[in-house]
Amino acid sequence: MKYPYEEFKEEATAGLAEAIKKLYGIEAEIKIEEPKEIADLAYPCFPLSKILKKSPKEIAEEIAGEIKRREWIDKVEAVNGYVNFFINVKKLAEKLLKKIEEMGDEFGKLPRKNLKVIVEHTSANPNGPLHVGRARNPIIGDTIARLLKFGGYDVVTQYYVDDMGKQVATLFWGVKNLKIEIEHEKADHRYVVFYQKASQLMDEDENVKKEIEEIIKKCERGDEKTLQELKEIYEKVLDGIIESLRNLNIEIDEFVEESRFVLDGSVEKVVKELEKLPYAGKEGKATYIDLEPFGVHGRDKKFYLTRGDGTSLYATRDIAYHIWKGERADMMINVLGEDHKLEAKFVEIALKLLNKKVPEVIFYSFVSLPEGKMSTRKGRVVYLDDLIEEAIERARKEVIKRRGEDEKLEYIAKNVAAGAIRYNIIKVRAEKPIVFKWDEALNFEGQSAPFIQYAHARCCSILRKAGYEGEAKPNYEHESEIKLIKMLALFPEIIKESVKTRNPSMLAEYAYDVASSFNAFYRDCRVIGSEKEKERLALVNATRVVLKNCLNILGIEALEEM
RNA sequence: GGGCCCGUGGCUUAGCAUGGAUAGAGCGACGGCCUUCUAAGCCGUAGAUCGCGGGUUCAAAUCCCGCCGGGUCCGCCA
């Protein structure tokens, strides 16, 4: 199965190759471009000019003269050394609308690949509520998962639960030893106070530090009773985190506890295997791998696998986890903060040395506050729950302003809020650092989720009123109609591209462009009651489908009214 | 000291992988548009040495080298 735009592109490429062969007798690599306003496709003749010793202008003219109108190619022009192609809009409209009509929610999907991919994201220590500094993780992870599913992969998402590290142990110690009364409906917010106080005491009091260290040691030795006790506490915090995620439309398929890899002996096996390698060394009883031969330079290039007492370290357990994961999937994708780069590099090196599958990693920069990096320990944070709550509050005001209070108020406000937050994170490339500002994070206008949701709601409203039944003979002439058709046709291309590059921000941008093109159409072309009502309704419906599919991938509710 | 990432109008950002035709948006500012399908919208104006300096090329925001500024890491933490 091919999408219409794809067919056009193939026809143009084939036509070019043929023409060049015929004219100059050479097999040229055809690199085709998609200039926005100028043409639908363009072929620059500059590289050929060098080989042929002819001006690009002349070459373009010769080639353009050679390429005939075909099924998809409506017009070919030579301009400034480019061969410009124009698509047969009538044909495009016919084929595209038919395809969208048939496929509906499936439109834009790529063929099934029969490859299982595990997307690991969030994996935050369950010692307190999620904060905005890490909010990119679940949003990027969930969007990537949805995107890959749409792109034909079988996707499972995993949250790796660090149930035996310092953070959870500190939390546990705090809950057991401190008396703090705090009111909050969510457990993660109640418990984080114990964690904060305990961390503070740990810095001040050597005995507290020792007690916490003892808890960690017990866990790492596989003491099941201690692990169980910790679990009873952290599980409540984790439930709070899960609830926060659910408010952003994020569900995680599997939770994998770190301790299982200690308990089942796989961590020990990893250490034994790695110890045998020539890169391994010992310092006292602690084992390390020297990273210098792998191109890692710095003050200290030793990466430790075990402590002096033989217990394992986080990265070592992470290796065991990845071996386990790799046995259960064809591909692994991890979403990690940029602070994990070195650790991830180490895990990668270790996995390669052990001849195991290596994960792809998507790194993101932190969301910081104007006063600096967020920190749960220091209490310098904006919690995700507070952001969501504020977003809903603001959305509610907007909804009331527009449509008054009705039974749909909460539903709309909640989804506008969640959408706005998700969109604002995903529209920016993951590597870019973000400084958190309330008004930017909660923008409901311009390039934002509500803008796109609004266009979708407008589509739905028109279709509702007109009673669309799905029959149409497309014949579009208005510039805004044509622009919109072409925009919709690009959807599968955008999916292909963003799946390939694992870059959902491209899709976010595209969804905005579709909504924007629709608004122009809405402005210029009356639908209901016009002579062209039927075919315009078909276009509105096609727009609705594309917007909905975009929004679904972005994890944003496609509201039907707002 | 070293590694990696970021640097595009006042602010936020797309484009950078695979170099091409006038650098595309949004916010904010200013001025307009609700008697017709939802004004969370639309139209217009102003605003850009694409961090700086070299280089490669017919062509550089995009590739290479150097520098500057910011982030991040270099722990027997996670």
# chains A, B, ... in the order shown; residues from 1 in each chain; ligands from 1
>>> select_by_dssp(residues="stretch 107-292 of chain A", states="helix (DSSP H, G or I)", output="ChimeraX atom specification")
/A:132-134,136-150,166-177,187-204,206-220,224-246,259-263,266-275,292
>>> write_last_selection(atoms="C-alpha atoms", output="compact mmCIF listing (two decimals), in the first residue's frame")
# COMPACT_ATOMS: atom_id res chain seq x y z
CA VAL A 132 8.53 19.58 36.27
CA GLY A 133 12.30 19.25 35.86
CA ARG A 134 11.75 15.63 34.89
CA ARG A 136 9.96 15.83 29.78
CA ASN A 137 10.76 12.21 30.41
CA PRO A 138 7.25 10.72 30.59
CA ILE A 139 5.94 13.06 27.91
CA ILE A 140 8.70 12.30 25.44
CA GLY A 141 8.60 8.61 26.31
CA ASP A 142 4.87 8.26 25.97
CA THR A 143 4.81 10.20 22.72
CA ILE A 144 7.63 8.12 21.25
CA ALA A 145 5.78 4.97 22.24
CA ARG A 146 2.59 6.16 20.58
CA LEU A 147 4.50 7.32 17.53
CA LEU A 148 6.29 3.99 17.07
CA LYS A 149 3.04 2.11 17.50
CA PHE A 150 1.56 4.21 14.73
CA LYS A 166 19.78 5.59 48.38
CA GLN A 167 16.68 7.65 47.64
CA VAL A 168 14.18 5.00 48.60
CA ALA A 169 16.25 3.96 51.61
CA THR A 170 16.33 7.56 52.79
CA LEU A 171 12.60 7.84 52.39
CA PHE A 172 12.13 4.61 54.32
CA TRP A 173 14.36 5.74 57.17
CA GLY A 174 12.43 9.01 57.37
CA VAL A 175 9.04 7.34 57.55
CA LYS A 176 10.24 4.92 60.25
CA ASN A 177 12.03 7.43 62.44
CA ALA A 187 0.65 10.00 49.26
CA ASP A 188 3.66 11.06 47.19
CA HIS A 189 3.28 14.61 48.51
CA ARG A 190 2.89 13.42 52.09
CA TYR A 191 5.91 11.15 51.97
CA VAL A 192 8.32 13.47 50.21
CA VAL A 193 8.53 15.56 53.36
CA PHE A 194 9.99 12.59 55.21
CA TYR A 195 12.53 12.17 52.45
CA GLN A 196 13.54 15.80 52.54
CA LYS A 197 13.93 15.86 56.30
CA ALA A 198 15.80 12.57 56.31
CA SER A 199 18.27 13.76 53.64
CA GLN A 200 18.91 16.85 55.66
CA LEU A 201 19.54 14.81 58.83
CA MET A 202 21.78 12.47 56.91
CA ASP A 203 24.04 15.39 56.01
CA GLU A 204 24.17 16.58 59.59
CA GLU A 206 26.82 10.58 60.93
CA ASN A 207 24.65 8.02 62.73
CA VAL A 208 21.68 8.68 60.48
CA LYS A 209 23.95 8.29 57.50
CA LYS A 210 25.18 4.95 58.82
CA GLU A 211 21.66 3.70 59.45
CA ILE A 212 20.58 4.58 55.95
CA GLU A 213 23.67 3.00 54.48
CA GLU A 214 22.88 -0.14 56.43
CA ILE A 215 19.43 -0.28 54.84
CA ILE A 216 20.98 0.04 51.39
CA LYS A 217 23.47 -2.72 52.12
CA LYS A 218 20.73 -5.03 53.30
CA CYS A 219 18.81 -4.50 50.10
CA GLU A 220 21.80 -5.06 47.96
CA GLU A 224 13.86 -9.86 51.13
CA LYS A 225 12.31 -8.69 54.38
CA THR A 226 13.89 -5.25 54.10
CA LEU A 227 12.97 -5.03 50.44
CA GLN A 228 9.39 -5.87 51.31
CA GLU A 229 9.27 -3.20 54.00
CA LEU A 230 10.63 -0.62 51.59
CA LYS A 231 8.12 -1.67 49.01
CA GLU A 232 5.20 -1.01 51.33
CA ILE A 233 6.31 2.59 51.59
CA TYR A 234 7.54 3.39 48.09
CA GLU A 235 4.54 1.75 46.48
CA LYS A 236 2.32 4.45 47.86
CA VAL A 237 4.59 7.09 46.40
CA LEU A 238 4.67 5.23 43.10
CA ASP A 239 0.89 5.14 43.05
CA GLY A 240 0.95 8.90 43.38
CA ILE A 241 3.34 9.17 40.45
CA ILE A 242 1.14 6.88 38.39
CA GLU A 243 -1.83 9.07 39.14
CA SER A 244 0.05 12.19 38.03
CA LEU A 245 0.97 10.45 34.81
CA ARG A 246 -2.59 9.38 34.23
CA SER A 259 15.88 -5.74 43.05
CA ARG A 260 14.75 -8.69 40.99
CA PHE A 261 18.09 -8.68 39.18
CA VAL A 262 19.93 -8.92 42.48
CA LEU A 263 17.61 -11.62 43.77
CA SER A 266 21.84 -11.97 37.21
CA VAL A 267 23.74 -9.02 38.62
CA GLU A 268 26.33 -11.36 40.08
CA LYS A 269 26.63 -13.07 36.73
CA VAL A 270 27.23 -9.74 35.00
CA VAL A 271 29.99 -8.89 37.46
CA LYS A 272 31.65 -12.27 36.97
CA GLU A 273 31.55 -11.93 33.20
CA LEU A 274 32.91 -8.42 33.17
CA GLU A 275 35.62 -9.19 35.72
CA GLU A 292 39.92 4.95 28.78
>>> select_by_dssp(residues="stretch 205-382 of chain A", states="strand (DSSP E)", output="PyMOL selection string")
chain A and resi 254-257+280-283+286-290+302-304+331-337+360-364+367-368
>>> interface_residues(of="chain B", to="chain A", cutoff="8 Å", atoms="only C-alpha atoms (C1' of nucleotides)", output="VMD selection string")
chain B and resid 1 to 6 13 to 14 20 to 21 25 to 27 37 to 38 40 to 42 58 71 to 74 76 to 78
>>> atom_distance(atom1="atom CA of A:Asp318", atom2="atom CA of A:Gly152")
28.0 Å
>>> atom_distance(atom1="atom CA of A:Leu488", atom2="atom CA of A:Ala78")
26.6 Å
>>> atom_distance(atom1="atom CA of A:Val83", atom2="atom CA of A:Leu16")
9.1 Å
>>> residues_around(residues="B:G44", least_positions_apart="2", cutoff="12 Å", atoms="only C-alpha atoms (C1' of nucleotides)", output="PyMOL selection string")
chain B and resi 30-33+42+46
>>> closest_residue(among="A:Leu387, A:Ala42, A:Leu547, A:Val156", to="A:Met332", atoms="only C-alpha atoms")
A:Val156
>>> residues_around(residues="A:Lys98", least_positions_apart="5", cutoff="12 Å", atoms="only C-alpha atoms (C1' of nucleotides)", output="list of chain:residue names")
A:Tyr3, A:Pro4, A:Lys91, A:Leu92, A:Ala93, A:Met103, A:Gly104, A:Phe107, A:Gly470, A:Glu471, A:Ala472, A:Lys473, A:Pro474, A:Ala489, A:Glu535, A:Ala538, A:Leu539, A:Asn541, A:Ala542
>>> write_last_selection(atoms="N, CA and C atoms", output="PDB file, in the first residue's frame")
ATOM      1  N   TYR A   3       0.831   5.648  -0.104  1.00  0.00           N
ATOM      2  CA  TYR A   3       0.059   6.877   0.069  1.00  0.00           C
ATOM      3  C   TYR A   3       0.248   7.754  -1.161  1.00  0.00           C
ATOM      4  N   PRO A   4      -0.786   8.532  -1.495  1.00  0.00           N
ATOM      5  CA  PRO A   4      -0.763   9.326  -2.733  1.00  0.00           C
ATOM      6  C   PRO A   4       0.498  10.163  -2.931  1.00  0.00           C
ATOM      7  N   LYS A  91      -6.315  14.842  -8.949  1.00  0.00           N
ATOM      8  CA  LYS A  91      -6.064  13.431  -8.666  1.00  0.00           C
ATOM      9  C   LYS A  91      -5.713  13.226  -7.189  1.00  0.00           C
ATOM     10  N   LEU A  92      -4.873  14.130  -6.697  1.00  0.00           N
ATOM     11  CA  LEU A  92      -4.479  14.029  -5.302  1.00  0.00           C
ATOM     12  C   LEU A  92      -5.704  14.063  -4.400  1.00  0.00           C
ATOM     13  N   ALA A  93      -6.565  15.031  -4.655  1.00  0.00           N
ATOM     14  CA  ALA A  93      -7.757  15.185  -3.820  1.00  0.00           C
ATOM     15  C   ALA A  93      -8.605  13.920  -3.852  1.00  0.00           C
ATOM     16  N   MET A 103      -9.602   4.703   5.618  1.00  0.00           N
ATOM     17  CA  MET A 103      -8.716   4.316   6.717  1.00  0.00           C
ATOM     18  C   MET A 103      -9.071   4.944   8.055  1.00  0.00           C
ATOM     19  N   GLY A 104      -9.601   6.126   8.041  1.00  0.00           N
ATOM     20  CA  GLY A 104      -9.979   6.777   9.290  1.00  0.00           C
ATOM     21  C   GLY A 104      -8.829   6.856  10.276  1.00  0.00           C
ATOM     22  N   PHE A 107      -5.350   6.071   9.081  1.00  0.00           N
ATOM     23  CA  PHE A 107      -4.685   6.842   8.028  1.00  0.00           C
ATOM     24  C   PHE A 107      -3.356   7.398   8.531  1.00  0.00           C
ATOM     25  N   GLY A 470     -20.471  11.339   3.908  1.00  0.00           N
ATOM     26  CA  GLY A 470     -19.314  10.663   3.337  1.00  0.00           C
ATOM     27  C   GLY A 470     -19.285  10.512   1.830  1.00  0.00           C
ATOM     28  N   GLU A 471     -20.127  11.198   1.127  1.00  0.00           N
ATOM     29  CA  GLU A 471     -20.054  11.099  -0.337  1.00  0.00           C
ATOM     30  C   GLU A 471     -19.608  12.453  -0.893  1.00  0.00           C
ATOM     31  N   ALA A 472     -18.727  12.389  -1.892  1.00  0.00           N
ATOM     32  CA  ALA A 472     -18.240  13.645  -2.465  1.00  0.00           C
ATOM     33  C   ALA A 472     -17.492  13.416  -3.753  1.00  0.00           C
ATOM     34  N   LYS A 473     -17.616  14.377  -4.659  1.00  0.00           N
ATOM     35  CA  LYS A 473     -16.790  14.380  -5.865  1.00  0.00           C
ATOM     36  C   LYS A 473     -15.852  15.557  -5.717  1.00  0.00           C
ATOM     37  N   PRO A 474     -14.631  15.280  -5.329  1.00  0.00           N
ATOM     38  CA  PRO A 474     -13.765  16.406  -5.019  1.00  0.00           C
ATOM     39  C   PRO A 474     -13.420  17.236  -6.261  1.00  0.00           C
ATOM     40  N   ALA A 489      -1.967  15.671   2.730  1.00  0.00           N
ATOM     41  CA  ALA A 489      -1.282  14.591   2.017  1.00  0.00           C
ATOM     42  C   ALA A 489       0.086  14.302   2.611  1.00  0.00           C
ATOM     43  N   GLU A 535     -18.454  18.589  -1.242  1.00  0.00           N
ATOM     44  CA  GLU A 535     -17.017  18.328  -1.323  1.00  0.00           C
ATOM     45  C   GLU A 535     -16.229  19.041  -0.222  1.00  0.00           C
ATOM     46  N   ALA A 538     -16.339  16.958   2.798  1.00  0.00           N
ATOM     47  CA  ALA A 538     -15.373  15.856   2.712  1.00  0.00           C
ATOM     48  C   ALA A 538     -13.986  16.330   3.139  1.00  0.00           C
ATOM     49  N   LEU A 539     -13.647  17.535   2.752  1.00  0.00           N
ATOM     50  CA  LEU A 539     -12.352  18.102   3.125  1.00  0.00           C
ATOM     51  C   LEU A 539     -12.280  18.366   4.634  1.00  0.00           C
ATOM     52  N   ASN A 541     -13.948  16.769   6.863  1.00  0.00           N
ATOM     53  CA  ASN A 541     -13.851  15.470   7.521  1.00  0.00           C
ATOM     54  C   ASN A 541     -12.430  14.915   7.445  1.00  0.00           C
ATOM     55  N   ALA A 542     -11.796  15.085   6.302  1.00  0.00           N
ATOM     56  CA  ALA A 542     -10.418  14.607   6.154  1.00  0.00           C
ATOM     57  C   ALA A 542      -9.495  15.349   7.123  1.00  0.00           C
TER      58      ALA A 542
END
>>> residues_around(residues="B:U8", least_positions_apart="2", cutoff="10 Å", atoms="only C-alpha atoms (C1' of nucleotides)", output="JSON, numbers by chain")
{"B": [13, 14, 15, 23, 48, 50, 51, 61]}
>>> decode(residues="stretch 16-27 of chain B", atoms="all heavy atoms", output="short mmCIF file (atom, residue, chain, number, x, y, z; two decimals), in the first residue's frame")
data_model
loop_
_atom_site.label_atom_id
_atom_site.label_comp_id
_atom_site.auth_asym_id
_atom_site.auth_seq_id
_atom_site.Cartn_x
_atom_site.Cartn_y
_atom_site.Cartn_z
P C B 16 16.56 19.78 9.16
OP1 C B 16 16.54 18.86 8.01
OP2 C B 16 16.08 19.34 10.46
"O5'" C B 16 18.04 20.33 9.34
"C5'" C B 16 18.81 20.75 8.20
"C4'" C B 16 20.23 20.99 8.65
"O4'" C B 16 20.21 21.98 9.70
"C3'" C B 16 20.90 19.74 9.22
"O3'" C B 16 22.20 19.61 8.66
"C2'" C B 16 20.94 19.99 10.72
"O2'" C B 16 22.13 19.52 11.27
"C1'" C B 16 20.89 21.49 10.84
N1 C B 16 20.17 22.02 12.00
C2 C B 16 20.93 22.69 12.97
O2 C B 16 22.17 22.80 12.82
N3 C B 16 20.31 23.24 14.03
C4 C B 16 18.99 23.11 14.15
N4 C B 16 18.41 23.68 15.21
C5 C B 16 18.19 22.41 13.19
C6 C B 16 18.83 21.89 12.13
P A B 17 22.50 18.63 7.51
OP1 A B 17 23.88 18.90 7.11
OP2 A B 17 21.42 18.63 6.50
"O5'" A B 17 22.44 17.24 8.27
"C5'" A B 17 23.52 16.81 9.08
"C4'" A B 17 23.22 15.42 9.57
"O4'" A B 17 21.95 15.43 10.25
"C3'" A B 17 23.04 14.39 8.45
"O3'" A B 17 24.30 13.87 8.08
"C2'" A B 17 22.17 13.34 9.14
"O2'" A B 17 22.91 12.50 9.98
"C1'" A B 17 21.25 14.23 9.98
N9 A B 17 20.01 14.56 9.26
C8 A B 17 19.72 15.66 8.51
N7 A B 17 18.51 15.65 8.00
C5 A B 17 17.98 14.45 8.44
C6 A B 17 16.73 13.85 8.26
N6 A B 17 15.75 14.39 7.56
N1 A B 17 16.51 12.65 8.84
C2 A B 17 17.51 12.10 9.56
N3 A B 17 18.72 12.58 9.81
C4 A B 17 18.89 13.77 9.22
P U B 18 24.46 13.08 6.74
OP1 U B 18 23.52 11.92 6.68
OP2 U B 18 25.90 12.86 6.63
"O5'" U B 18 24.02 14.15 5.66
"C5'" U B 18 24.49 14.05 4.30
"C4'" U B 18 23.35 14.44 3.38
"O4'" U B 18 22.28 13.49 3.55
"C3'" U B 18 22.78 15.83 3.67
"O3'" U B 18 22.85 16.64 2.51
"C2'" U B 18 21.32 15.59 4.06
"O2'" U B 18 20.45 16.50 3.44
"C1'" U B 18 21.04 14.18 3.52
N1 U B 18 20.07 13.42 4.33
C2 U B 18 18.76 13.44 3.90
O2 U B 18 18.40 14.07 2.92
N3 U B 18 17.89 12.72 4.68
C4 U B 18 18.19 11.99 5.80
O4 U B 18 17.30 11.40 6.38
C5 U B 18 19.58 12.03 6.17
C6 U B 18 20.46 12.72 5.44
P G B 19 24.08 17.53 2.21
OP1 G B 19 24.37 17.38 0.79
OP2 G B 19 25.16 17.31 3.19
"O5'" G B 19 23.51 18.99 2.43
"C5'" G B 19 23.21 19.50 3.71
"C4'" G B 19 23.13 20.99 3.57
"O4'" G B 19 24.46 21.49 3.31
"C3'" G B 19 22.26 21.43 2.42
"O3'" G B 19 21.54 22.56 2.85
"C2'" G B 19 23.26 21.75 1.30
"O2'" G B 19 22.80 22.79 0.48
"C1'" G B 19 24.47 22.21 2.11
N9 G B 19 25.75 21.95 1.46
C8 G B 19 26.33 20.77 1.12
N7 G B 19 27.51 20.90 0.57
C5 G B 19 27.71 22.27 0.56
C6 G B 19 28.82 23.03 0.08
O6 G B 19 29.85 22.61 -0.43
N1 G B 19 28.62 24.39 0.24
C2 G B 19 27.50 24.95 0.80
N2 G B 19 27.48 26.27 0.87
N3 G B 19 26.45 24.27 1.25
C4 G B 19 26.64 22.94 1.10
P G B 20 20.08 22.83 2.33
OP1 G B 20 19.39 23.43 3.46
OP2 G B 20 19.56 21.67 1.61
"O5'" G B 20 20.39 23.97 1.29
"C5'" G B 20 19.30 24.68 0.75
"C4'" G B 20 19.75 25.42 -0.48
"O4'" G B 20 20.77 24.69 -1.17
"C3'" G B 20 18.59 25.62 -1.45
"O3'" G B 20 18.25 26.99 -1.49
"C2'" G B 20 19.13 25.10 -2.82
"O2'" G B 20 19.04 26.15 -3.79
"C1'" G B 20 20.60 24.88 -2.55
N9 G B 20 21.30 23.79 -3.24
C8 G B 20 21.18 22.45 -3.09
N7 G B 20 22.05 21.77 -3.81
C5 G B 20 22.76 22.75 -4.47
C6 G B 20 23.84 22.65 -5.38
O6 G B 20 24.41 21.64 -5.78
N1 G B 20 24.27 23.89 -5.80
C2 G B 20 23.73 25.09 -5.40
N2 G B 20 24.27 26.19 -5.90
N3 G B 20 22.74 25.21 -4.53
C4 G B 20 22.31 24.01 -4.13
P A B 21 17.50 27.72 -0.39
OP1 A B 21 18.49 28.20 0.61
OP2 A B 21 16.29 26.98 0.04
"O5'" A B 21 17.05 28.97 -1.24
"C5'" A B 21 18.02 29.79 -1.91
"C4'" A B 21 17.36 30.42 -3.11
"O4'" A B 21 17.17 29.38 -4.10
"C3'" A B 21 15.94 30.91 -2.79
"O3'" A B 21 15.89 32.18 -2.17
"C2'" A B 21 15.22 30.76 -4.15
"O2'" A B 21 15.35 31.91 -4.96
"C1'" A B 21 15.96 29.59 -4.78
N9 A B 21 15.18 28.35 -4.77
C8 A B 21 15.05 27.42 -3.79
N7 A B 21 14.31 26.39 -4.11
C5 A B 21 13.91 26.67 -5.40
C6 A B 21 13.10 25.98 -6.33
N6 A B 21 12.53 24.82 -6.09
N1 A B 21 12.90 26.54 -7.53
C2 A B 21 13.47 27.72 -7.79
N3 A B 21 14.26 28.47 -7.01
C4 A B 21 14.44 27.87 -5.82
P U B 22 16.55 33.54 -2.68
OP1 U B 22 15.53 34.31 -3.40
OP2 U B 22 17.89 33.39 -3.30
"O5'" U B 22 16.77 33.95 -1.15
"C5'" U B 22 16.76 35.31 -0.67
"C4'" U B 22 15.45 35.76 -0.10
"O4'" U B 22 14.40 35.52 -1.06
"C3'" U B 22 14.93 35.02 1.13
"O3'" U B 22 15.57 35.53 2.29
"C2'" U B 22 13.44 35.38 1.11
"O2'" U B 22 13.20 36.64 1.71
"C1'" U B 22 13.16 35.51 -0.40
N1 U B 22 12.30 34.40 -0.88
C2 U B 22 10.95 34.65 -1.03
O2 U B 22 10.44 35.72 -0.76
N3 U B 22 10.20 33.61 -1.48
C4 U B 22 10.65 32.34 -1.79
O4 U B 22 9.86 31.48 -2.18
C5 U B 22 12.08 32.15 -1.60
C6 U B 22 12.83 33.17 -1.16
P A B 23 15.10 35.11 3.79
OP1 A B 23 13.62 35.23 3.71
OP2 A B 23 15.81 35.87 4.80
"O5'" A B 23 15.54 33.58 3.99
"C5'" A B 23 14.57 32.56 3.95
"C4'" A B 23 14.47 31.88 5.28
"O4'" A B 23 15.77 31.85 5.93
"C3'" A B 23 13.61 32.62 6.32
"O3'" A B 23 12.25 32.33 6.12
"C2'" A B 23 14.12 32.00 7.62
"O2'" A B 23 13.58 30.73 7.85
"C1'" A B 23 15.61 31.90 7.31
N9 A B 23 16.36 33.05 7.83
C8 A B 23 16.84 34.14 7.15
N7 A B 23 17.48 34.99 7.92
C5 A B 23 17.42 34.43 9.18
C6 A B 23 17.91 34.84 10.43
N6 A B 23 18.60 35.96 10.61
N1 A B 23 17.67 34.04 11.48
C2 A B 23 16.99 32.91 11.30
N3 A B 23 16.48 32.42 10.17
C4 A B 23 16.74 33.23 9.15
P G B 24 11.24 33.42 5.84
OP1 G B 24 11.17 33.54 4.38
OP2 G B 24 11.59 34.58 6.67
"O5'" G B 24 9.88 32.81 6.37
"C5'" G B 24 9.28 31.73 5.70
"C4'" G B 24 8.75 30.73 6.69
"O4'" G B 24 9.84 30.07 7.38
"C3'" G B 24 7.95 31.31 7.84
"O3'" G B 24 6.64 31.71 7.43
"C2'" G B 24 7.95 30.13 8.80
"O2'" G B 24 7.09 29.10 8.37
"C1'" G B 24 9.41 29.68 8.67
N9 G B 24 10.26 30.32 9.70
C8 G B 24 11.14 31.37 9.57
N7 G B 24 11.74 31.69 10.70
C5 G B 24 11.21 30.81 11.63
C6 G B 24 11.47 30.67 13.02
O6 G B 24 12.25 31.33 13.72
N1 G B 24 10.71 29.64 13.58
C2 G B 24 9.82 28.86 12.89
N2 G B 24 9.17 27.94 13.60
N3 G B 24 9.57 28.97 11.59
C4 G B 24 10.29 29.96 11.03
P A B 25 5.89 32.85 8.21
OP1 A B 25 4.85 33.38 7.32
OP2 A B 25 6.88 33.80 8.79
"O5'" A B 25 5.18 32.06 9.36
"C5'" A B 25 5.59 32.17 10.66
"C4'" A B 25 5.08 31.02 11.47
"O4'" A B 25 6.21 30.16 11.77
"C3'" A B 25 4.55 31.52 12.81
"O3'" A B 25 3.15 31.67 12.75
"C2'" A B 25 5.00 30.41 13.75
"O2'" A B 25 4.15 29.28 13.69
"C1'" A B 25 6.37 30.06 13.17
N9 A B 25 7.42 31.01 13.55
C8 A B 25 8.03 31.95 12.77
N7 A B 25 8.95 32.66 13.40
C5 A B 25 8.92 32.17 14.69
C6 A B 25 9.64 32.52 15.83
N6 A B 25 10.56 33.48 15.86
N1 A B 25 9.38 31.83 16.97
C2 A B 25 8.45 30.87 16.94
N3 A B 25 7.70 30.44 15.92
C4 A B 25 7.99 31.15 14.81
P G B 26 2.50 33.01 13.38
OP1 G B 26 1.09 33.04 12.99
OP2 G B 26 3.37 34.17 13.09
"O5'" G B 26 2.61 32.70 14.94
"C5'" G B 26 1.89 31.59 15.48
"C4'" G B 26 2.36 31.33 16.89
"O4'" G B 26 3.77 31.00 16.86
"C3'" G B 26 2.30 32.53 17.83
"O3'" G B 26 1.01 32.69 18.37
"C2'" G B 26 3.31 32.11 18.90
"O2'" G B 26 2.81 31.11 19.74
"C1'" G B 26 4.41 31.50 18.02
N9 G B 26 5.40 32.51 17.61
C8 G B 26 5.57 33.06 16.36
N7 G B 26 6.53 33.94 16.33
C5 G B 26 7.01 33.99 17.63
C6 G B 26 8.06 34.77 18.21
O6 G B 26 8.79 35.60 17.67
N1 G B 26 8.21 34.49 19.58
C2 G B 26 7.46 33.59 20.28
N2 G B 26 7.75 33.47 21.57
N3 G B 26 6.48 32.86 19.76
C4 G B 26 6.32 33.10 18.44
P C B 27 0.53 34.11 18.85
OP1 C B 27 -0.87 33.96 19.30
OP2 C B 27 0.86 35.13 17.82
"O5'" C B 27 1.46 34.39 20.11
"C5'" C B 27 1.23 33.71 21.34
"C4'" C B 27 2.26 34.14 22.35
"O4'" C B 27 3.58 33.95 21.80
"C3'" C B 27 2.24 35.62 22.72
"O3'" C B 27 1.24 35.90 23.68
"C2'" C B 27 3.64 35.81 23.28
"O2'" C B 27 3.77 35.29 24.57
"C1'" C B 27 4.46 34.95 22.31
N1 C B 27 5.02 35.73 21.19
C2 C B 27 6.10 36.60 21.46
O2 C B 27 6.54 36.68 22.62
N3 C B 27 6.64 37.33 20.45
C4 C B 27 6.14 37.21 19.21
N4 C B 27 6.71 37.93 18.25
C5 C B 27 5.05 36.34 18.91
C6 C B 27 4.52 35.63 19.93
#
